[in-house]
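Data from entry17.txt: compact mmCIF, C-alpha atoms
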# COMPACT_ATOMS: atom_id res chain seq x y z
CA VAL A 1 23.87 51.68 -17.08
CA GLN A 2 24.41 51.67 -20.82
CA ILE A 3 25.64 48.64 -22.74
CA LYS A 4 26.89 49.25 -26.28
CA CYS A 5 26.52 46.33 -28.65
CA GLU A 6 28.62 46.74 -31.78
CA LEU A 7 27.52 44.67 -34.75
CA ASP A 8 28.60 44.97 -38.34
CA SER A 9 26.09 44.82 -41.15
CA ARG A 10 26.50 41.04 -41.30
CA GLY A 11 25.99 40.62 -37.54
CA THR A 12 29.42 39.02 -36.99
CA GLY A 13 31.18 41.67 -34.93
CA ASP A 14 34.27 41.11 -37.08
CA PRO A 15 36.81 43.89 -36.34
CA ASP A 16 37.81 43.95 -40.02
CA THR A 17 34.41 45.33 -40.91
CA TRP A 18 34.17 47.97 -38.20
CA SER A 19 34.08 50.62 -40.85
CA SER A 20 30.49 49.55 -41.47
CA LEU A 21 29.42 49.12 -37.83
CA ASP A 22 25.91 49.74 -36.69
CA ARG A 23 26.05 50.96 -33.13
CA ILE A 24 23.16 49.99 -30.82
CA THR A 25 22.87 51.30 -27.30
CA ILE A 26 20.73 49.38 -24.80
CA LYS A 27 19.85 51.19 -21.62
CA ILE A 28 19.33 49.02 -18.53
CA PRO A 29 18.33 50.62 -15.21
CA SER A 30 21.14 50.13 -12.74
CA GLY A 31 18.79 48.71 -10.09
CA ASP A 32 17.56 45.97 -12.42
CA LEU A 33 21.09 44.98 -13.35
CA VAL A 34 22.21 44.82 -9.72
CA ALA A 35 19.18 42.73 -8.74
CA ALA A 36 19.72 40.30 -11.60
CA GLN A 37 23.43 39.95 -10.87
CA ALA A 38 22.66 39.23 -7.20
CA VAL A 39 20.38 36.38 -8.24
CA ASP A 40 22.99 35.03 -10.66
CA GLU A 41 25.48 34.94 -7.80
CA LEU A 42 23.02 33.03 -5.59
CA ILE A 43 22.43 30.50 -8.34
CA LEU A 44 26.15 29.95 -8.95
CA ALA A 45 26.66 29.58 -5.19
CA ILE A 46 24.55 26.40 -5.25
CA GLY A 47 27.42 24.51 -6.84
CA GLU A 48 27.18 20.72 -7.06
CA VAL A 49 23.76 19.58 -5.92
CA THR A 50 23.65 17.24 -2.91
CA LYS A 51 21.06 16.37 -0.28
CA ASP A 52 22.36 19.39 1.67
CA SER A 53 21.63 21.88 -1.13
CA LYS A 54 18.05 22.58 -0.08
CA GLU A 55 18.59 25.96 1.56
CA ALA A 56 20.86 27.31 -1.21
CA ILE A 57 18.39 26.30 -3.91
CA LYS A 58 15.47 27.66 -1.90
CA ALA A 59 17.20 31.02 -1.43
CA ALA A 60 18.07 31.33 -5.13
CA ARG A 61 14.53 30.43 -6.18
CA ALA A 62 12.98 32.92 -3.77
CA ALA A 63 15.30 35.67 -4.98
CA TYR A 64 14.55 34.91 -8.64
CA ASP A 65 10.78 34.82 -8.07
CA ALA A 66 10.97 38.20 -6.36
CA LEU A 67 12.40 39.86 -9.50
CA THR A 68 10.30 41.78 -11.97
CA ASP A 69 9.81 40.33 -15.42
CA ALA A 70 12.34 42.80 -16.80
CA GLN A 71 14.93 41.79 -14.18
CA LYS A 72 14.34 38.08 -14.84
CA GLU A 73 15.22 38.69 -18.49
CA ILE A 74 18.66 39.84 -17.39
CA VAL A 75 19.39 36.78 -15.23
CA GLU A 76 21.86 34.59 -17.09
CA ASN A 77 21.82 31.46 -14.92
CA ASP A 78 18.10 30.74 -14.55
CA ASP A 79 18.54 27.48 -16.46
CA ILE A 80 21.16 26.40 -13.91
CA LEU A 81 18.61 27.03 -11.17
CA ASP A 82 16.06 24.82 -12.94
CA GLU A 83 18.62 22.04 -13.32
CA ALA A 84 19.59 22.31 -9.66
CA GLU A 85 15.97 21.98 -8.56
CA ASN A 86 15.46 18.91 -10.75
CA ALA A 87 18.64 17.31 -9.47
CA TYR A 88 17.66 17.94 -5.86
CA GLN A 89 14.19 16.46 -6.42
CA SER A 90 15.80 13.35 -7.91
CA ILE A 91 17.87 12.96 -4.75
CA LEU A 92 14.74 13.27 -2.59
CA ASP A 93 12.87 10.75 -4.75
CA ALA A 94 15.71 8.24 -4.49
CA GLU A 95 15.90 8.62 -0.70
CA LYS A 96 12.13 8.18 -0.38
CA ALA A 97 12.16 5.08 -2.57
CA GLU A 98 14.92 3.56 -0.45
CA ALA A 99 13.08 4.33 2.79
CA ASP A 100 9.79 2.98 1.43
CA ASN A 101 11.39 -0.28 0.32
CA LYS A 102 13.14 -0.69 3.65
CA ALA A 103 9.90 -0.19 5.60
CA ALA A 104 7.97 -2.55 3.33
CA ASP A 105 10.66 -5.24 3.56
CA ALA A 106 10.45 -5.14 7.36
CA VAL A 107 6.70 -5.79 7.27
CA ILE A 108 7.11 -8.55 4.67
CA ALA A 109 9.53 -10.27 7.03
CA LEU A 110 7.07 -10.02 9.96
CA ILE A 111 4.30 -11.57 7.86
CA ASP A 112 6.57 -14.38 6.66
CA ALA A 113 7.51 -15.07 10.29
CA ILE A 114 3.89 -15.97 11.17
CA GLY A 115 4.20 -19.38 9.51
CA THR A 116 1.53 -22.00 10.16
CA VAL A 117 -1.27 -20.41 12.19
CA THR A 118 -2.00 -21.90 15.60
CA THR A 119 -3.54 -20.55 18.78
CA GLU A 120 -0.02 -19.40 19.70
CA SER A 121 0.26 -17.18 16.59
CA GLU A 122 -1.78 -14.26 17.92
CA GLU A 123 1.17 -12.13 19.05
CA ALA A 124 3.02 -12.52 15.74
CA ILE A 125 -0.10 -11.72 13.73
CA GLU A 126 -0.88 -8.64 15.81
CA ALA A 127 2.70 -7.38 15.42
CA ALA A 128 2.55 -7.80 11.65
CA ARG A 129 -0.81 -6.03 11.46
CA ALA A 130 0.36 -3.10 13.58
CA ALA A 131 3.49 -2.69 11.46
CA TYR A 132 1.49 -2.79 8.23
CA ASP A 133 -1.07 -0.25 9.44
CA ALA A 134 1.76 2.15 10.35
CA LEU A 135 3.03 2.27 6.75
CA THR A 136 2.22 5.04 4.29
CA ASP A 137 0.02 4.23 1.30
CA ASP A 138 3.09 4.10 -0.97
CA GLN A 139 4.82 1.69 1.40
CA LYS A 140 1.74 -0.54 1.74
CA ALA A 141 1.68 -0.93 -2.04
CA LEU A 142 5.15 -2.52 -1.81
CA VAL A 143 4.11 -5.24 0.66
CA THR A 144 3.83 -8.27 -1.61
CA ASN A 145 2.44 -10.78 0.93
CA TYR A 146 -0.36 -8.75 2.49
CA GLU A 147 -2.93 -11.42 1.57
CA THR A 148 -0.96 -13.87 3.69
CA LEU A 149 -1.56 -11.62 6.69
CA VAL A 150 -5.29 -11.41 5.95
CA GLN A 151 -5.53 -15.19 5.65
CA ALA A 152 -3.59 -15.67 8.89
CA GLU A 153 -5.98 -13.35 10.73
CA ALA A 154 -8.97 -15.29 9.40
CA ALA A 155 -7.40 -18.62 10.39
CA LEU A 156 -6.68 -17.39 13.92
CA ASP A 157 -10.23 -16.11 14.29
CA ALA A 158 -11.58 -19.50 13.22
CA LEU A 159 -9.41 -21.23 15.82
CA LYS A 160 -10.50 -18.86 18.60
CA ASN A 161 -14.17 -18.80 17.64
CA PRO A 162 -15.17 -22.18 16.14
CA SER A 163 -18.54 -22.18 14.37
CA GLU A 164 -21.46 -23.88 16.14
CA ASP A 165 -22.06 -25.81 12.93
CA THR A 166 -18.59 -27.31 13.13
CA GLU A 167 -18.92 -30.94 14.20
CA LYS A 168 -16.44 -32.42 16.60
CA PRO A 169 -14.69 -35.69 15.72
CA GLY A 170 -16.94 -38.61 16.58
CA ASP A 171 -20.16 -36.62 16.26
CA ASN A 172 -21.13 -38.48 13.12
CA ASN A 173 -20.40 -41.85 14.74
CA ASP A 174 -22.47 -40.91 17.77
CA LYS A 175 -25.34 -39.88 15.53
CA GLU A 176 -25.10 -43.12 13.61
CA GLU A 177 -25.10 -45.11 16.85
CA ASP A 178 -28.07 -43.17 18.15
CA SER A 179 -29.87 -43.77 14.88
CA GLY A 180 -29.07 -47.48 15.09
CA ASN A 181 -30.32 -47.63 18.64
CA ALA A 182 -33.52 -45.88 17.65
CA ASP A 183 -34.07 -48.28 14.80
CA THR A 184 -33.48 -51.28 17.11
CA GLY A 185 -35.95 -49.87 19.60
CA ASP A 186 -38.59 -49.46 16.93
CA HIS A 187 -38.15 -53.03 15.69
CA SER A 188 -38.29 -54.40 19.25
CA GLY A 189 -41.57 -52.61 19.85
CA ILE A 190 -43.14 -54.01 16.72
CA LEU A 191 -42.01 -57.54 17.60
CA LEU A 192 -43.45 -57.25 21.08
CA TRP A 193 -46.84 -56.13 19.79
CA THR A 194 -46.84 -58.93 17.26
CA MET A 195 -46.19 -61.53 19.97
CA LEU A 196 -48.91 -60.08 22.18
CA LEU A 197 -51.41 -60.26 19.33
CA MET A 198 -50.46 -63.87 18.65
CA LEU A 199 -50.82 -64.80 22.31
CA SER A 200 -54.20 -63.10 22.44
CA ALA A 201 -55.33 -65.04 19.38
CA LEU A 202 -54.14 -68.34 20.85
CA ALA A 203 -55.94 -67.60 24.09
CA ALA A 204 -59.15 -66.85 22.23
CA ILE A 205 -58.89 -70.11 20.25
CA CYS A 206 -58.30 -72.15 23.41
CA LEU A 207 -61.29 -70.50 25.07
CA LEU A 208 -63.55 -71.30 22.11
CA LYS A 209 -62.41 -74.96 22.10
CA LYS A 210 -63.11 -75.27 25.83
CA LYS A 211 -66.62 -73.92 25.41
CA SER A 212 -67.26 -76.36 22.58
CA SER A 213 -66.18 -79.31 24.74
CA VAL A 214 -68.51 -78.32 27.57
CA SER A 215 -71.43 -78.09 25.24
Structure re-expressed in structure tokens:
Amino acid sequence: VQIKCELDSRGTGDPDTWSSLDRITIKIPSGDLVAAQAVDELILAIGEVTKDSKEAIKAARAAYDALTDAQKEIVENDDILDEAENAYQSILDAEKAEADNKAADAVIALIDAIGTVTTESEEAIEAARAAYDALTDDQKALVTNYETLVQAEAALDALKNPSEDTEKPGDNNDKEEDSGNADTGDHSGILLWTMLLMLSALAAICLLKKKSSVS
């Protein structure tokens, strides 16, 4: 295949100056031209890009990549192919963002539904945890109340497994009563010993007086 490019000395191709034309002949192998034209047709066949354009774009890209460097130079619509790929990726990104937000919103709602944690909250907490763990990393990043779930799990665990150090209501009163009783017992003991000592002293005095009288 030979393509003749006719340019005048000023490079305008103005027919009025054809008397001074410089004739340039560019030789293109017929196989290269046919291959390039086939790819151009595939690219134009993509048309308006939608979410259903994947296969058409994929076919055009594969055909273009299979060309030689010389054949790629002949392709006229390679920029259209690039734009189609970018447009299709934007569609995919938008769909993913919508799906991610929808999944995250569902988990947020489950966490909000837990409410005040009681011993009856276990099923709701487990459901929220399972739903969160099933999300992708991108979706988890969109869950704004994850800390609420963590706190709910900790609260439920505390209710199910109370610490041994946790004192029951009335424990302090009982301890105070026991302490009071112990103190009373100690004082009673001291008083008893004091009385016994006094009685012993009185007995000794009486005995001494009796012995004095006999003498």
Please provide as a PyMOL selection string all residues within 7 Å of Ala35 in chain A, with the sequence filter that same-chain residues fewer than 4 positions apart are discarded (counting only C-alpha atoms). chain A and resi 31+39+71
Work out how far CA of Asp105 in chain A is from CA of Ala134 in chain A, in Å to one decimal.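 According to the coordinates, CA of Ala134 in chain A and CA of Asp105 in chain A are separated by 13.4 Å.
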Counting all atoms listed in the file, the residue of A:Ala113, A:Ile57, A:Lys51, A:Pro162 that sits nearest Asp93 in chain A: A:Lys51
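Near range 72-83 of chain A, within a cut-off of 10 Å and counting all atoms listed in the file, sit the residues Ile28, Asp32, Leu33, Val34, Ala35, Ala36, Gln37, Ala38, Val39, Asp40, Glu41, Leu42, Ile43, Leu44, Ile46, Gly47, Val49, Ile57, Lys58, Ala60, Arg61, Tyr64, Asp65, Ala66, Leu67, Thr68, Ala87, Tyr88 and Gln89 of chain A, with same-chain residues fewer than 4 positions away left out.
CA of Ala106 in chain A to CA of Asp137 in chain A spans 15.3 Å [interatomic distance, one decimal].
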With all atoms listed in the file as the atoms that count, which of A:Asn101, A:Ser90, A:Thr148, A:Thr194 lies nearest to Leu135 in chain A?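 Distance minimum relative to Leu135 in chain A lands on A:Asn101.
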What does the structure give for the distance between CA of Ile114 in chain A and CA of Lys96 in chain A, in Å to one decimal? 28.0 Å
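Using only C-alpha atoms, the shortest contact distance between Thr118 in chain A and any of A:Glu48, A:Leu197, A:Ala70, A:Ala158 is found at A:Ala158.
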Applying 12 Å and only C-alpha atoms, which residues near range 140-147 of chain A remain after dropping the ones on its own chain fewer than 5 positions away? List them as a ChimeraX atom specification. /A:97-114,125,128-129,131-135,152-154
Box centre and edge lengths (Å, one decimal), axis-aligned, range 113-118 of chain A plus 8 Å each side, as JSON:
{"center_x": 2.8, "center_y": -18.5, "center_z": 12.6, "size_x": 25.5, "size_y": 22.9, "size_z": 22.1}
